[in-house]
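Written below as structure tokens is the structure these notes are about.
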Amino acid sequence: MVSVLRGLFRLLGEAVRDLAPIVLVIVFFQVVVLQQPFPNLDRVIIGLVCVVLGLALFVQGLETGPFPLGESMGEAFAHKGSLVALFLFAFCLGFGTTVAEPALIAVAGEAAKVAAEAGVIAADGAAQDDYAFALRLTVAGAVGCALVVGVFRILVGWPLHYLIIGGYILVMLLTAFAPASIIGIAYDSGGVTTSTVTVPLVAALGVGLAGTIRGRNTLVDGFGLIAFASLTPMIFVLIFGMVI
Amino acid sequence: MGLLEHLLVTAQGTVLDVLPIVAILFGFQFLVLRRRPPNLRRIVGGFVYVLIGLTLFLVGLEEALFPIGETMAGQLTAPEFIGRDPGGGDGGRVVSGWLDYFWVYMFAAAIGFTTTMAEPALIAVSLKAEQISGGSIKSFGLRLAVAAGVSVGVALGSYRIISGTPLPLYIVLGYLVVMFQTLHASKVIVPLAYDTGGVTTSTVTVPVVAALGLGLASAIPGRSPLIDGFGLIAFASLFPIMSVLGYAQLTEWLQARRQKEGDNSHGS
């Protein structure tokens with residue numbers, strides 16, 4: 001019991017340490033730079049208590065939930081040896097977690113507005129909704145493909161940087177040909193795809209796979225899945241912008 | 001909206017977010033792998049902690065920090081604050097000197113750094129990296145390096161919006177720097193560095209940074225919020241790759257030098 005409490009206090013302490021900088025920055029800019037009073041101080045304080053508790057619980061849960069499950073699934077797939085099942089799982093995990101991601105829905109909506117203003121699609125609501133939905137499917141498909149490619153790389157043991165640098169060169173080439181209005185959205189789409197619940201699972205999955213396959217190093221081969229998931233959406237969205 | 005209602009609405013949203021993940025995980029676990037994961041009860045308990053934790057975290061951020069942070073981004077970029085007459089009465093000076101935007105850059109750098117330090121996804125990846133590297137990579141040090149990269153990235157991204165220079169120029173140059181660094185970096189750190197680029201921009205960073213970009217692009221004449229407002233997140237995911245690779249190269253170089261000095265003093 002004492003050790004559990006001590007662990008909880010340590011996590012709470014770390015959460016306070018991680019969050020204190022943001023609070024300091026916001027207080028400094030509000031009071032010193034903008035010289036304005038703090039609105040709703042009581043709500044702010046309750047909110048901060050929630051943030052600290054939430055972060056401590058999240059970190060506590062990682063160690064018993066997503067981490068062991070991701071690793072055990074990686075190991076189980078490696079032992080089962082069915083490539084089709086593994087690739088299907090990787091694609092579903094990438095696609096399923098991205099398509100409903102709130103950040104992506106927001107960005108896709110904004111992108112539809114840009115497209116309508118640029119005259120790429122009709123300015124009515126239905127056309128914008130279609131465009132936003134197609135963009136979401138494109139990004140989700142890109143993340144699904146990213147995890148398939150990333151898992152394949154772990155299996156065959158290729159060095160990550162050749163693939164990523166190859167991807168960068170592709171992004172540069174496509175940038176030269178893509179319409180200007182899609183470029184900013186394409187570049188941003190790489191950053192918004194990986195949600196907070198997916199990341200620990202995917203990281204643990206890679207580590208579990210790399211740890212089970214003979215000759216793979218968990219550090220060199222286990223990481224890199226998320227890197228693909230932030231690269232392929234850029235490529236797919238640039239192509240999407242050229243096709244539409 | 002009351003706090004309790006806010007909590008319930010957010011909890012519902014978080015559960016809906018996680019539902020597809022859980023369906024995929026358990027579908028494959030039971031239909032394809034056909035076995036119960038070891039410690040199923042502990043794992044479910046862990047996911048419940050993660051869900052409650054994320055819900056509290058999001059609600060707290062939305063109650064306490066996001067409204068002020070977003071208003072602040074708008075106020076700092078407002079023409080009145082920067083000291084430029086919005087009516088154009090200052091002799092048609094379209095873009096003021098970069099010093100007029102001093103506080104915007106300071107805010108961009110500070111908010112980039114601090115939101116990254118609190119990013120749960122980054123905490124997860126850096127904990128995993130510390131675990132499997134046997135402690136030779138320190139979780140806190142890695143996060144400091146990432147946060148420094150985001151800080152520089154967001155500040156430079158703000159400069160790009162203010163100066164109106166093209167986004168692809170910066171990103172392509174950034175890629176070239178990353179390629180050069182990759183050739184010289186230790187192979188152990190490269191995948192981790194690439195991964196950190198993807199995880200830095202998540203729950204905490206995106207709302208505030210996006211508000212800053214949109215605020216800047218709508219406050220500066222000649223910028224379109226819809227076109228120039230995008231791109232800050234791209235900066236925030238590119239620069240951590242450079243800073244993590246750079247940090248690794250620096251520690252390696254320092255270690256090599258210390259070893260060399262140790263050898264020399266030993267020899268004499």
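Naming works like this for the structure tokens: A, B, ... for the chains as they're shown, residue 1 at the start of each chain, ligands 1 onward in shown order.
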Mind checking which residues fall within 8 Å of B:Leu214, counting only C-alpha atoms, ignoring those fewer than 3 positions away in the same chain, and posting them as a short mmCIF file (atom, residue, chain, number, x, y, z; two decimals) with C-alpha atoms, in the first residue's frame?
data_model
loop_
_atom_site.label_atom_id
_atom_site.label_comp_id
_atom_site.auth_asym_id
_atom_site.auth_seq_id
_atom_site.Cartn_x
_atom_site.Cartn_y
_atom_site.Cartn_z
CA ALA B 210 -2.83 26.29 -34.71
CA ALA B 211 -4.51 29.27 -32.99
CA ALA B 217 -2.16 35.00 -40.70
CA SER B 218 -5.40 36.93 -40.16
CA PRO B 225 -5.50 32.61 -42.84
CA LEU B 226 -6.62 29.68 -44.94
CA ASP B 228 -0.70 30.90 -44.58
CA GLY B 229 -2.32 29.77 -41.31
CA PHE B 230 -1.32 26.20 -42.08
#
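Residues lying within 10 Å of stretch 31-39 of chain B, counting only C-alpha atoms and ignoring same-chain neighbours fewer than 5 positions away, are Thr64, Gly65, Pro68, Leu69, Ser72, Met73, Ala76, Phe77, His79, Lys80, Ser82, Ala85, Leu86 and Phe89 of chain A; Phe26, Val44 and Gly45 of chain B.
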Emit the selected residues as a CSV table (one decimal), in the first residue's frame, including C-alpha atoms.
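In the end it all went to result02.csv:
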chain,number,residue,atom,x,y,z
A,64,THR,CA,-0.3,-1.8,-17.5
A,65,GLY,CA,-2.5,-1.2,-20.6
A,68,PRO,CA,2.0,-4.7,-22.5
A,69,LEU,CA,-0.9,-5.3,-24.9
A,72,SER,CA,2.3,-9.1,-26.5
A,73,MET,CA,0.4,-8.6,-29.8
A,76,ALA,CA,2.0,-13.2,-30.9
A,77,PHE,CA,2.0,-12.0,-34.6
A,79,HIS,CA,5.2,-16.3,-33.6
A,80,LYS,CA,2.0,-16.9,-35.7
A,82,SER,CA,1.0,-15.1,-41.0
A,85,ALA,CA,-2.9,-11.3,-40.8
A,86,LEU,CA,-0.1,-9.0,-39.6
A,89,PHE,CA,-3.9,-5.8,-38.6
B,26,PHE,CA,-9.8,-7.4,-29.5
B,44,VAL,CA,-8.2,-3.6,-19.2
B,45,GLY,CA,-7.5,-1.8,-16.0
Contacts of B:Ile123 within 12 Å, only C-alpha atoms, excl. fewer than 3 positions in-chain, as an mmCIF file with all heavy atoms, in the first residue's frame:
data_model
loop_
_atom_site.group_PDB
_atom_site.id
_atom_site.type_symbol
_atom_site.label_atom_id
_atom_site.label_comp_id
_atom_site.auth_asym_id
_atom_site.auth_seq_id
_atom_site.Cartn_x
_atom_site.Cartn_y
_atom_site.Cartn_z
ATOM 1 N N GLU A 14 5.844 14.316 -10.972
ATOM 2 C CA GLU A 14 6.339 14.461 -12.345
ATOM 3 C C GLU A 14 5.343 15.230 -13.205
ATOM 4 O O GLU A 14 5.721 16.035 -14.054
ATOM 5 C CB GLU A 14 6.628 13.092 -12.948
ATOM 6 C CG GLU A 14 7.934 12.518 -12.441
ATOM 7 C CD GLU A 14 8.183 11.105 -12.946
ATOM 8 O OE1 GLU A 14 7.404 10.617 -13.774
ATOM 9 O OE2 GLU A 14 9.173 10.507 -12.478
ATOM 10 N N ALA A 15 4.041 14.973 -12.967
ATOM 11 C CA ALA A 15 3.017 15.685 -13.743
ATOM 12 C C ALA A 15 3.093 17.185 -13.456
ATOM 13 O O ALA A 15 3.004 18.009 -14.369
ATOM 14 C CB ALA A 15 1.628 15.137 -13.422
ATOM 15 N N ASP A 18 6.007 18.588 -15.293
ATOM 16 C CA ASP A 18 5.807 18.694 -16.743
ATOM 17 C C ASP A 18 4.874 19.833 -17.110
ATOM 18 O O ASP A 18 4.957 20.379 -18.207
ATOM 19 C CB ASP A 18 5.225 17.389 -17.295
ATOM 20 C CG ASP A 18 6.228 16.256 -17.200
ATOM 21 O OD1 ASP A 18 7.428 16.554 -17.097
ATOM 22 O OD2 ASP A 18 5.809 15.085 -17.216
ATOM 23 N N LEU A 55 -2.805 13.514 -16.130
ATOM 24 C CA LEU A 55 -1.506 13.109 -16.691
ATOM 25 C C LEU A 55 -0.899 11.978 -15.861
ATOM 26 O O LEU A 55 -0.361 11.013 -16.410
ATOM 27 C CB LEU A 55 -0.560 14.320 -16.739
ATOM 28 C CG LEU A 55 0.696 14.114 -17.563
ATOM 29 C CD1 LEU A 55 0.351 13.771 -18.998
ATOM 30 C CD2 LEU A 55 1.569 15.359 -17.548
ATOM 31 N N ALA A 56 -1.018 12.067 -14.525
ATOM 32 C CA ALA A 56 -0.473 11.015 -13.662
ATOM 33 C C ALA A 56 -1.179 9.687 -13.918
ATOM 34 O O ALA A 56 -0.526 8.640 -14.042
ATOM 35 C CB ALA A 56 -0.597 11.419 -12.192
ATOM 36 N N PHE A 58 -2.768 8.788 -16.662
ATOM 37 C CA PHE A 58 -2.419 8.341 -18.019
ATOM 38 C C PHE A 58 -1.092 7.576 -18.008
ATOM 39 O O PHE A 58 -0.983 6.478 -18.541
ATOM 40 C CB PHE A 58 -2.346 9.551 -18.946
ATOM 41 C CG PHE A 58 -1.861 9.240 -20.334
ATOM 42 C CD1 PHE A 58 -2.728 8.722 -21.280
ATOM 43 C CD2 PHE A 58 -0.541 9.453 -20.694
ATOM 44 C CE1 PHE A 58 -2.290 8.428 -22.558
ATOM 45 C CE2 PHE A 58 -0.095 9.159 -21.970
ATOM 46 C CZ PHE A 58 -0.973 8.647 -22.908
ATOM 47 N N VAL A 59 -0.082 8.171 -17.360
ATOM 48 C CA VAL A 59 1.245 7.528 -17.334
ATOM 49 C C VAL A 59 1.181 6.216 -16.568
ATOM 50 O O VAL A 59 1.772 5.201 -16.966
ATOM 51 C CB VAL A 59 2.298 8.487 -16.741
ATOM 52 C CG1 VAL A 59 3.619 7.785 -16.576
ATOM 53 C CG2 VAL A 59 2.458 9.710 -17.629
ATOM 54 N N GLN A 60 0.422 6.212 -15.460
ATOM 55 C CA GLN A 60 0.238 4.981 -14.680
ATOM 56 C C GLN A 60 -0.400 3.892 -15.544
ATOM 57 O O GLN A 60 0.051 2.752 -15.549
ATOM 58 C CB GLN A 60 -0.646 5.294 -13.468
ATOM 59 C CG GLN A 60 -1.070 4.098 -12.658
ATOM 60 C CD GLN A 60 0.079 3.516 -11.868
ATOM 61 O OE1 GLN A 60 0.894 4.255 -11.342
ATOM 62 N NE2 GLN A 60 0.150 2.203 -11.812
ATOM 63 N N LEU A 62 -0.440 3.574 -18.842
ATOM 64 C CA LEU A 62 0.407 3.136 -19.956
ATOM 65 C C LEU A 62 1.130 1.840 -19.645
ATOM 66 O O LEU A 62 1.194 0.925 -20.464
ATOM 67 C CB LEU A 62 1.491 4.189 -20.217
ATOM 68 C CG LEU A 62 1.147 5.413 -21.034
ATOM 69 C CD1 LEU A 62 2.392 6.249 -21.184
ATOM 70 C CD2 LEU A 62 0.646 4.986 -22.390
ATOM 71 N N GLU A 63 1.686 1.762 -18.431
ATOM 72 C CA GLU A 63 2.555 0.645 -18.070
ATOM 73 C C GLU A 63 1.795 -0.668 -17.956
ATOM 74 O O GLU A 63 2.380 -1.732 -18.090
ATOM 75 C CB GLU A 63 3.264 0.930 -16.740
ATOM 76 C CG GLU A 63 4.093 2.203 -16.737
ATOM 77 C CD GLU A 63 5.372 2.062 -17.538
ATOM 78 O OE1 GLU A 63 5.718 0.926 -17.926
ATOM 79 O OE2 GLU A 63 6.020 3.096 -17.775
ATOM 80 N N THR A 196 -3.084 10.309 -29.179
ATOM 81 C CA THR A 196 -2.398 9.994 -27.927
ATOM 82 C C THR A 196 -2.578 8.547 -27.478
ATOM 83 O O THR A 196 -1.730 7.997 -26.807
ATOM 84 C CB THR A 196 -2.896 10.962 -26.846
ATOM 85 O OG1 THR A 196 -2.740 12.280 -27.364
ATOM 86 C CG2 THR A 196 -2.106 10.852 -25.579
ATOM 87 N N VAL A 197 -3.685 7.913 -27.862
ATOM 88 C CA VAL A 197 -3.853 6.508 -27.478
ATOM 89 C C VAL A 197 -3.138 5.591 -28.462
ATOM 90 O O VAL A 197 -2.622 4.538 -28.098
ATOM 91 C CB VAL A 197 -5.349 6.136 -27.408
ATOM 92 C CG1 VAL A 197 -5.527 4.740 -26.852
ATOM 93 C CG2 VAL A 197 -6.090 7.118 -26.536
ATOM 94 N N VAL A 199 -0.339 6.209 -30.234
ATOM 95 C CA VAL A 199 1.124 6.264 -30.186
ATOM 96 C C VAL A 199 1.739 5.207 -29.261
ATOM 97 O O VAL A 199 2.600 4.446 -29.702
ATOM 98 C CB VAL A 199 1.605 7.689 -29.831
ATOM 99 C CG1 VAL A 199 3.035 7.681 -29.371
ATOM 100 C CG2 VAL A 199 1.424 8.609 -31.019
ATOM 101 N N PRO A 200 1.298 5.109 -27.988
ATOM 102 C CA PRO A 200 1.928 4.099 -27.133
ATOM 103 C C PRO A 200 1.708 2.677 -27.642
ATOM 104 O O PRO A 200 2.617 1.841 -27.564
ATOM 105 C CB PRO A 200 1.263 4.292 -25.766
ATOM 106 C CG PRO A 200 0.208 5.290 -25.935
ATOM 107 C CD PRO A 200 0.383 5.977 -27.233
ATOM 108 N N ALA A 203 3.996 2.143 -30.743
ATOM 109 C CA ALA A 203 5.397 2.057 -30.317
ATOM 110 C C ALA A 203 5.663 0.691 -29.691
ATOM 111 O O ALA A 203 6.674 0.044 -29.984
ATOM 112 C CB ALA A 203 5.719 3.175 -29.330
ATOM 113 N N THR B 115 4.408 23.314 -24.202
ATOM 114 C CA THR B 115 3.350 22.357 -24.532
ATOM 115 C C THR B 115 3.966 21.003 -24.886
ATOM 116 O O THR B 115 3.386 19.965 -24.586
ATOM 117 C CB THR B 115 2.470 22.823 -25.710
ATOM 118 O OG1 THR B 115 3.307 23.182 -26.791
ATOM 119 C CG2 THR B 115 1.609 24.000 -25.326
ATOM 120 N N THR B 116 5.145 21.007 -25.496
ATOM 121 C CA THR B 116 5.771 19.736 -25.848
ATOM 122 C C THR B 116 6.184 18.962 -24.602
ATOM 123 O O THR B 116 6.050 17.742 -24.550
ATOM 124 C CB THR B 116 6.990 19.989 -26.738
ATOM 125 O OG1 THR B 116 6.577 20.757 -27.845
ATOM 126 C CG2 THR B 116 7.590 18.697 -27.222
ATOM 127 N N MET B 117 6.671 19.675 -23.581
ATOM 128 C CA MET B 117 7.069 18.981 -22.352
ATOM 129 C C MET B 117 5.874 18.283 -21.708
ATOM 130 O O MET B 117 6.036 17.318 -20.973
ATOM 131 C CB MET B 117 7.669 19.979 -21.341
ATOM 132 C CG MET B 117 9.067 20.451 -21.678
ATOM 133 S SD MET B 117 10.239 19.125 -21.956
ATOM 134 C CE MET B 117 10.565 18.572 -20.289
ATOM 135 N N ALA B 118 4.666 18.781 -21.954
ATOM 136 C CA ALA B 118 3.482 18.193 -21.327
ATOM 137 C C ALA B 118 2.753 17.226 -22.254
ATOM 138 O O ALA B 118 1.698 16.726 -21.892
ATOM 139 C CB ALA B 118 2.526 19.302 -20.899
ATOM 140 N N GLU B 119 3.283 16.959 -23.434
ATOM 141 C CA GLU B 119 2.566 16.134 -24.414
ATOM 142 C C GLU B 119 2.563 14.653 -23.997
ATOM 143 O O GLU B 119 3.624 14.035 -23.925
ATOM 144 C CB GLU B 119 3.265 16.308 -25.762
ATOM 145 C CG GLU B 119 2.471 15.896 -26.967
ATOM 146 C CD GLU B 119 1.227 16.728 -27.177
ATOM 147 O OE1 GLU B 119 1.321 17.848 -27.708
ATOM 148 O OE2 GLU B 119 0.158 16.232 -26.803
ATOM 149 N N PRO B 120 1.373 14.084 -23.699
ATOM 150 C CA PRO B 120 1.343 12.698 -23.200
ATOM 151 C C PRO B 120 1.937 11.677 -24.181
ATOM 152 O O PRO B 120 2.608 10.735 -23.747
ATOM 153 C CB PRO B 120 -0.146 12.417 -22.992
ATOM 154 C CG PRO B 120 -0.795 13.733 -22.930
ATOM 155 C CD PRO B 120 0.031 14.671 -23.732
ATOM 156 N N SER B 126 9.031 8.432 -24.993
ATOM 157 C CA SER B 126 10.337 8.593 -24.349
ATOM 158 C C SER B 126 10.491 7.608 -23.185
ATOM 159 O O SER B 126 11.596 7.128 -22.925
ATOM 160 C CB SER B 126 10.536 10.037 -23.894
ATOM 161 O OG SER B 126 9.559 10.391 -22.960
ATOM 162 N N LEU B 127 9.366 7.262 -22.521
ATOM 163 C CA LEU B 127 9.450 6.227 -21.479
ATOM 164 C C LEU B 127 9.862 4.892 -22.086
ATOM 165 O O LEU B 127 10.714 4.179 -21.560
ATOM 166 C CB LEU B 127 8.091 6.050 -20.794
ATOM 167 C CG LEU B 127 7.730 7.033 -19.681
ATOM 168 C CD1 LEU B 127 6.327 6.732 -19.172
ATOM 169 C CD2 LEU B 127 8.727 6.939 -18.536
ATOM 170 N N LYS B 128 9.243 4.558 -23.227
ATOM 171 C CA LYS B 128 9.555 3.303 -23.911
ATOM 172 C C LYS B 128 11.029 3.293 -24.331
ATOM 173 O O LYS B 128 11.714 2.285 -24.191
ATOM 174 C CB LYS B 128 8.655 3.182 -25.145
ATOM 175 C CG LYS B 128 8.573 1.820 -25.736
ATOM 176 C CD LYS B 128 7.494 0.999 -25.086
ATOM 177 C CE LYS B 128 8.076 -0.275 -24.542
ATOM 178 N NZ LYS B 128 7.156 -1.035 -23.712
ATOM 179 N N ALA B 129 11.493 4.444 -24.837
ATOM 180 C CA ALA B 129 12.894 4.514 -25.285
ATOM 181 C C ALA B 129 13.839 4.326 -24.105
ATOM 182 O O ALA B 129 14.854 3.634 -24.215
ATOM 183 C CB ALA B 129 13.151 5.855 -25.967
ATOM 184 N N GLU B 130 13.499 4.915 -22.957
ATOM 185 C CA GLU B 130 14.368 4.749 -21.781
ATOM 186 C C GLU B 130 14.385 3.286 -21.353
ATOM 187 O O GLU B 130 15.449 2.724 -21.065
ATOM 188 C CB GLU B 130 13.881 5.646 -20.632
ATOM 189 C CG GLU B 130 14.747 5.522 -19.392
ATOM 190 C CD GLU B 130 14.431 6.556 -18.315
ATOM 191 O OE1 GLU B 130 14.272 7.737 -18.662
ATOM 192 O OE2 GLU B 130 14.352 6.169 -17.140
ATOM 193 N N LYS B 138 17.881 8.953 -21.679
ATOM 194 C CA LYS B 138 17.067 9.418 -20.550
ATOM 195 C C LYS B 138 15.783 10.047 -21.068
ATOM 196 O O LYS B 138 15.826 10.899 -21.961
ATOM 197 C CB LYS B 138 17.845 10.442 -19.728
ATOM 198 C CG LYS B 138 18.992 9.842 -18.936
ATOM 199 C CD LYS B 138 18.514 9.289 -17.590
ATOM 200 C CE LYS B 138 19.629 8.598 -16.844
ATOM 201 N NZ LYS B 138 20.036 7.307 -17.475
ATOM 202 N N SER B 139 14.654 9.606 -20.500
ATOM 203 C CA SER B 139 13.353 10.099 -20.956
ATOM 204 C C SER B 139 13.277 11.623 -20.875
ATOM 205 O O SER B 139 12.848 12.292 -21.811
ATOM 206 C CB SER B 139 12.260 9.439 -20.105
ATOM 207 O OG SER B 139 11.104 10.204 -20.065
ATOM 208 N N PHE B 140 13.722 12.176 -19.744
ATOM 209 C CA PHE B 140 13.591 13.624 -19.556
ATOM 210 C C PHE B 140 14.500 14.394 -20.518
ATOM 211 O O PHE B 140 14.101 15.395 -21.113
ATOM 212 C CB PHE B 140 13.909 13.984 -18.100
ATOM 213 C CG PHE B 140 13.492 15.378 -17.708
ATOM 214 C CD1 PHE B 140 12.154 15.711 -17.621
ATOM 215 C CD2 PHE B 140 14.446 16.350 -17.442
ATOM 216 C CE1 PHE B 140 11.761 16.996 -17.262
ATOM 217 C CE2 PHE B 140 14.063 17.632 -17.085
ATOM 218 C CZ PHE B 140 12.718 17.954 -16.998
ATOM 219 N N GLY B 141 15.721 13.902 -20.700
ATOM 220 C CA GLY B 141 16.670 14.564 -21.605
ATOM 221 C C GLY B 141 16.160 14.548 -23.037
ATOM 222 O O GLY B 141 16.245 15.546 -23.754
ATOM 223 N N LEU B 142 15.597 13.391 -23.437
ATOM 224 C CA LEU B 142 15.052 13.272 -24.791
ATOM 225 C C LEU B 142 13.939 14.289 -24.996
ATOM 226 O O LEU B 142 13.875 14.987 -26.011
ATOM 227 C CB LEU B 142 14.523 11.852 -25.000
ATOM 228 C CG LEU B 142 13.918 11.553 -26.360
ATOM 229 C CD1 LEU B 142 14.972 11.629 -27.443
ATOM 230 C CD2 LEU B 142 13.260 10.175 -26.381
ATOM 231 N N ARG B 143 13.062 14.407 -23.970
ATOM 232 C CA ARG B 143 11.955 15.351 -24.104
ATOM 233 C C ARG B 143 12.437 16.791 -24.144
ATOM 234 O O ARG B 143 11.866 17.620 -24.862
ATOM 235 C CB ARG B 143 10.951 15.138 -22.973
ATOM 236 C CG ARG B 143 10.085 13.915 -23.223
ATOM 237 C CD ARG B 143 9.392 13.438 -21.989
ATOM 238 N NE ARG B 143 8.649 14.504 -21.353
ATOM 239 C CZ ARG B 143 8.380 14.552 -20.055
ATOM 240 N NH1 ARG B 143 8.818 13.610 -19.260
ATOM 241 N NH2 ARG B 143 7.699 15.542 -19.571
ATOM 242 N N LEU B 144 13.495 17.085 -23.384
ATOM 243 C CA LEU B 144 14.058 18.439 -23.445
ATOM 244 C C LEU B 144 14.540 18.753 -24.859
ATOM 245 O O LEU B 144 14.301 19.837 -25.401
ATOM 246 C CB LEU B 144 15.230 18.582 -22.474
ATOM 247 C CG LEU B 144 14.904 18.871 -21.018
ATOM 248 C CD1 LEU B 144 16.183 18.937 -20.198
ATOM 249 C CD2 LEU B 144 14.150 20.193 -20.893
ATOM 250 N N VAL B 146 13.556 17.375 -27.680
ATOM 251 C CA VAL B 146 12.405 17.516 -28.579
ATOM 252 C C VAL B 146 11.753 18.884 -28.389
ATOM 253 O O VAL B 146 11.458 19.592 -29.359
ATOM 254 C CB VAL B 146 11.377 16.392 -28.317
ATOM 255 C CG1 VAL B 146 10.127 16.630 -29.130
ATOM 256 C CG2 VAL B 146 11.970 15.045 -28.652
ATOM 257 N N ALA B 147 11.567 19.277 -27.114
ATOM 258 C CA ALA B 147 10.891 20.545 -26.832
ATOM 259 C C ALA B 147 11.701 21.717 -27.380
ATOM 260 O O ALA B 147 11.134 22.680 -27.917
ATOM 261 C CB ALA B 147 10.669 20.695 -25.333
ATOM 262 N N THR B 196 9.987 10.907 -32.950
ATOM 263 C CA THR B 196 9.616 12.026 -32.080
ATOM 264 C C THR B 196 8.999 13.151 -32.902
ATOM 265 O O THR B 196 8.151 13.874 -32.393
ATOM 266 C CB THR B 196 10.820 12.588 -31.318
ATOM 267 O OG1 THR B 196 11.825 12.931 -32.249
ATOM 268 C CG2 THR B 196 11.340 11.614 -30.309
ATOM 269 N N VAL B 199 5.253 12.551 -32.926
ATOM 270 C CA VAL B 199 4.453 12.543 -31.704
ATOM 271 C C VAL B 199 4.390 13.888 -30.999
ATOM 272 O O VAL B 199 3.595 14.060 -30.090
ATOM 273 C CB VAL B 199 4.954 11.488 -30.682
ATOM 274 C CG1 VAL B 199 4.761 10.106 -31.222
ATOM 275 C CG2 VAL B 199 6.377 11.731 -30.282
ATOM 276 N N THR B 200 5.240 14.847 -31.412
ATOM 277 C CA THR B 200 5.254 16.099 -30.668
ATOM 278 C C THR B 200 3.987 16.895 -30.870
ATOM 279 O O THR B 200 3.573 17.636 -30.000
ATOM 280 C CB THR B 200 6.396 16.987 -31.133
ATOM 281 O OG1 THR B 200 6.351 16.997 -32.540
ATOM 282 C CG2 THR B 200 7.698 16.464 -30.664
ATOM 283 N N SER B 202 0.433 16.960 -30.896
ATOM 284 C CA SER B 202 -0.724 16.158 -30.513
ATOM 285 C C SER B 202 -1.635 16.990 -29.623
ATOM 286 O O SER B 202 -1.718 18.193 -29.793
ATOM 287 C CB SER B 202 -0.202 14.896 -29.826
ATOM 288 O OG SER B 202 -1.205 13.961 -29.678
#
Skipping near chain neighbours, those fewer than 4 positions away, what residues fall within 12 Å of A:Phe236 using only C-alpha atoms, listed as a ChimeraX atom specification?
-> /A:134-146,167,170-171,174-175,178,182-183,185-187,189-190,229-232,240-243
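Omitting A:Leu41 and its sequence neighbours fewer than 3 positions away, and counting only C-alpha atoms, the residues within 12 Å are Val27, Pro37, Phe38, Val44, Ile45, Ile46, Gly47 and Leu48 of chain A; Glu63, Ala64, Leu65 and Ile68 of chain B.
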Output file for the residues above (N, CA, C and O atoms, as a short mmCIF file (atom, residue, chain, number, x, y, z; two decimals), in the first residue's frame):
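part_5.cif, freshly written:
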data_model
loop_
_atom_site.label_atom_id
_atom_site.label_comp_id
_atom_site.auth_asym_id
_atom_site.auth_seq_id
_atom_site.Cartn_x
_atom_site.Cartn_y
_atom_site.Cartn_z
N VAL A 27 0.94 32.60 -17.48
CA VAL A 27 0.81 33.65 -16.46
C VAL A 27 1.72 34.84 -16.82
O VAL A 27 1.30 36.00 -16.76
N PRO A 37 -5.82 41.05 -16.26
CA PRO A 37 -6.09 40.18 -15.12
C PRO A 37 -6.43 38.77 -15.58
O PRO A 37 -6.70 38.55 -16.75
N PHE A 38 -6.37 37.83 -14.66
CA PHE A 38 -6.69 36.45 -14.97
C PHE A 38 -8.18 36.24 -14.88
O PHE A 38 -8.77 36.46 -13.84
N VAL A 44 -9.85 28.03 -13.44
CA VAL A 44 -8.50 27.72 -13.90
C VAL A 44 -7.82 26.78 -12.93
O VAL A 44 -7.19 25.79 -13.32
N ILE A 45 -8.01 27.04 -11.63
CA ILE A 45 -7.32 26.21 -10.64
C ILE A 45 -7.89 24.80 -10.62
O ILE A 45 -7.15 23.81 -10.62
N ILE A 46 -9.23 24.68 -10.69
CA ILE A 46 -9.83 23.34 -10.76
C ILE A 46 -9.34 22.61 -12.00
O ILE A 46 -8.97 21.44 -11.97
N GLY A 47 -9.29 23.35 -13.12
CA GLY A 47 -8.81 22.76 -14.38
C GLY A 47 -7.39 22.24 -14.24
O GLY A 47 -7.07 21.14 -14.68
N LEU A 48 -6.53 23.00 -13.58
CA LEU A 48 -5.13 22.59 -13.42
C LEU A 48 -5.03 21.33 -12.57
O LEU A 48 -4.22 20.44 -12.88
N GLU B 63 -10.54 23.76 -19.64
CA GLU B 63 -11.02 24.69 -18.62
C GLU B 63 -9.98 25.76 -18.32
O GLU B 63 -10.30 26.93 -18.18
N ALA B 64 -8.73 25.32 -18.18
CA ALA B 64 -7.74 26.20 -17.57
C ALA B 64 -6.86 26.92 -18.58
O ALA B 64 -6.60 28.12 -18.44
N LEU B 65 -6.37 26.19 -19.59
CA LEU B 65 -5.28 26.78 -20.38
C LEU B 65 -5.66 27.18 -21.80
O LEU B 65 -5.27 28.24 -22.26
N ILE B 68 -7.33 30.75 -22.49
CA ILE B 68 -6.40 31.87 -22.31
C ILE B 68 -5.32 31.82 -23.39
O ILE B 68 -4.97 32.84 -23.98
#
For B:Ile132, please output as a ChimeraX atom specification all residues within 9 Å (counting only C-alpha atoms; exclusion window: fewer than 5 positions along the same chain).
-> /A:207,218-219 /B:127,137
Nearest to B:Trp253 among B:Leu61, B:Ala185, B:Val204, B:Leu216, with distances taken over only C-alpha atoms: which residue is it?
-> B:Ala185
Determine the nearest neighbour of A:Gly70 from the options A:Ala100, A:Ala108, A:Ala204, A:Ile121, counting only C-alpha atoms.
-> A:Ala204
List every residue of stretch 85-168 of chain B that DSSP, applied to the backbone, labels as helix (DSSP H, G or I), and write the result as a ChimeraX atom specification.
-> /B:98-117,120-132,139-163,167-168
For A:Ala103, which residue among B:Gly60, B:Pro207, B:Pro166, B:Gly157 is the nearest when counting only C-alpha atoms?
-> B:Pro207
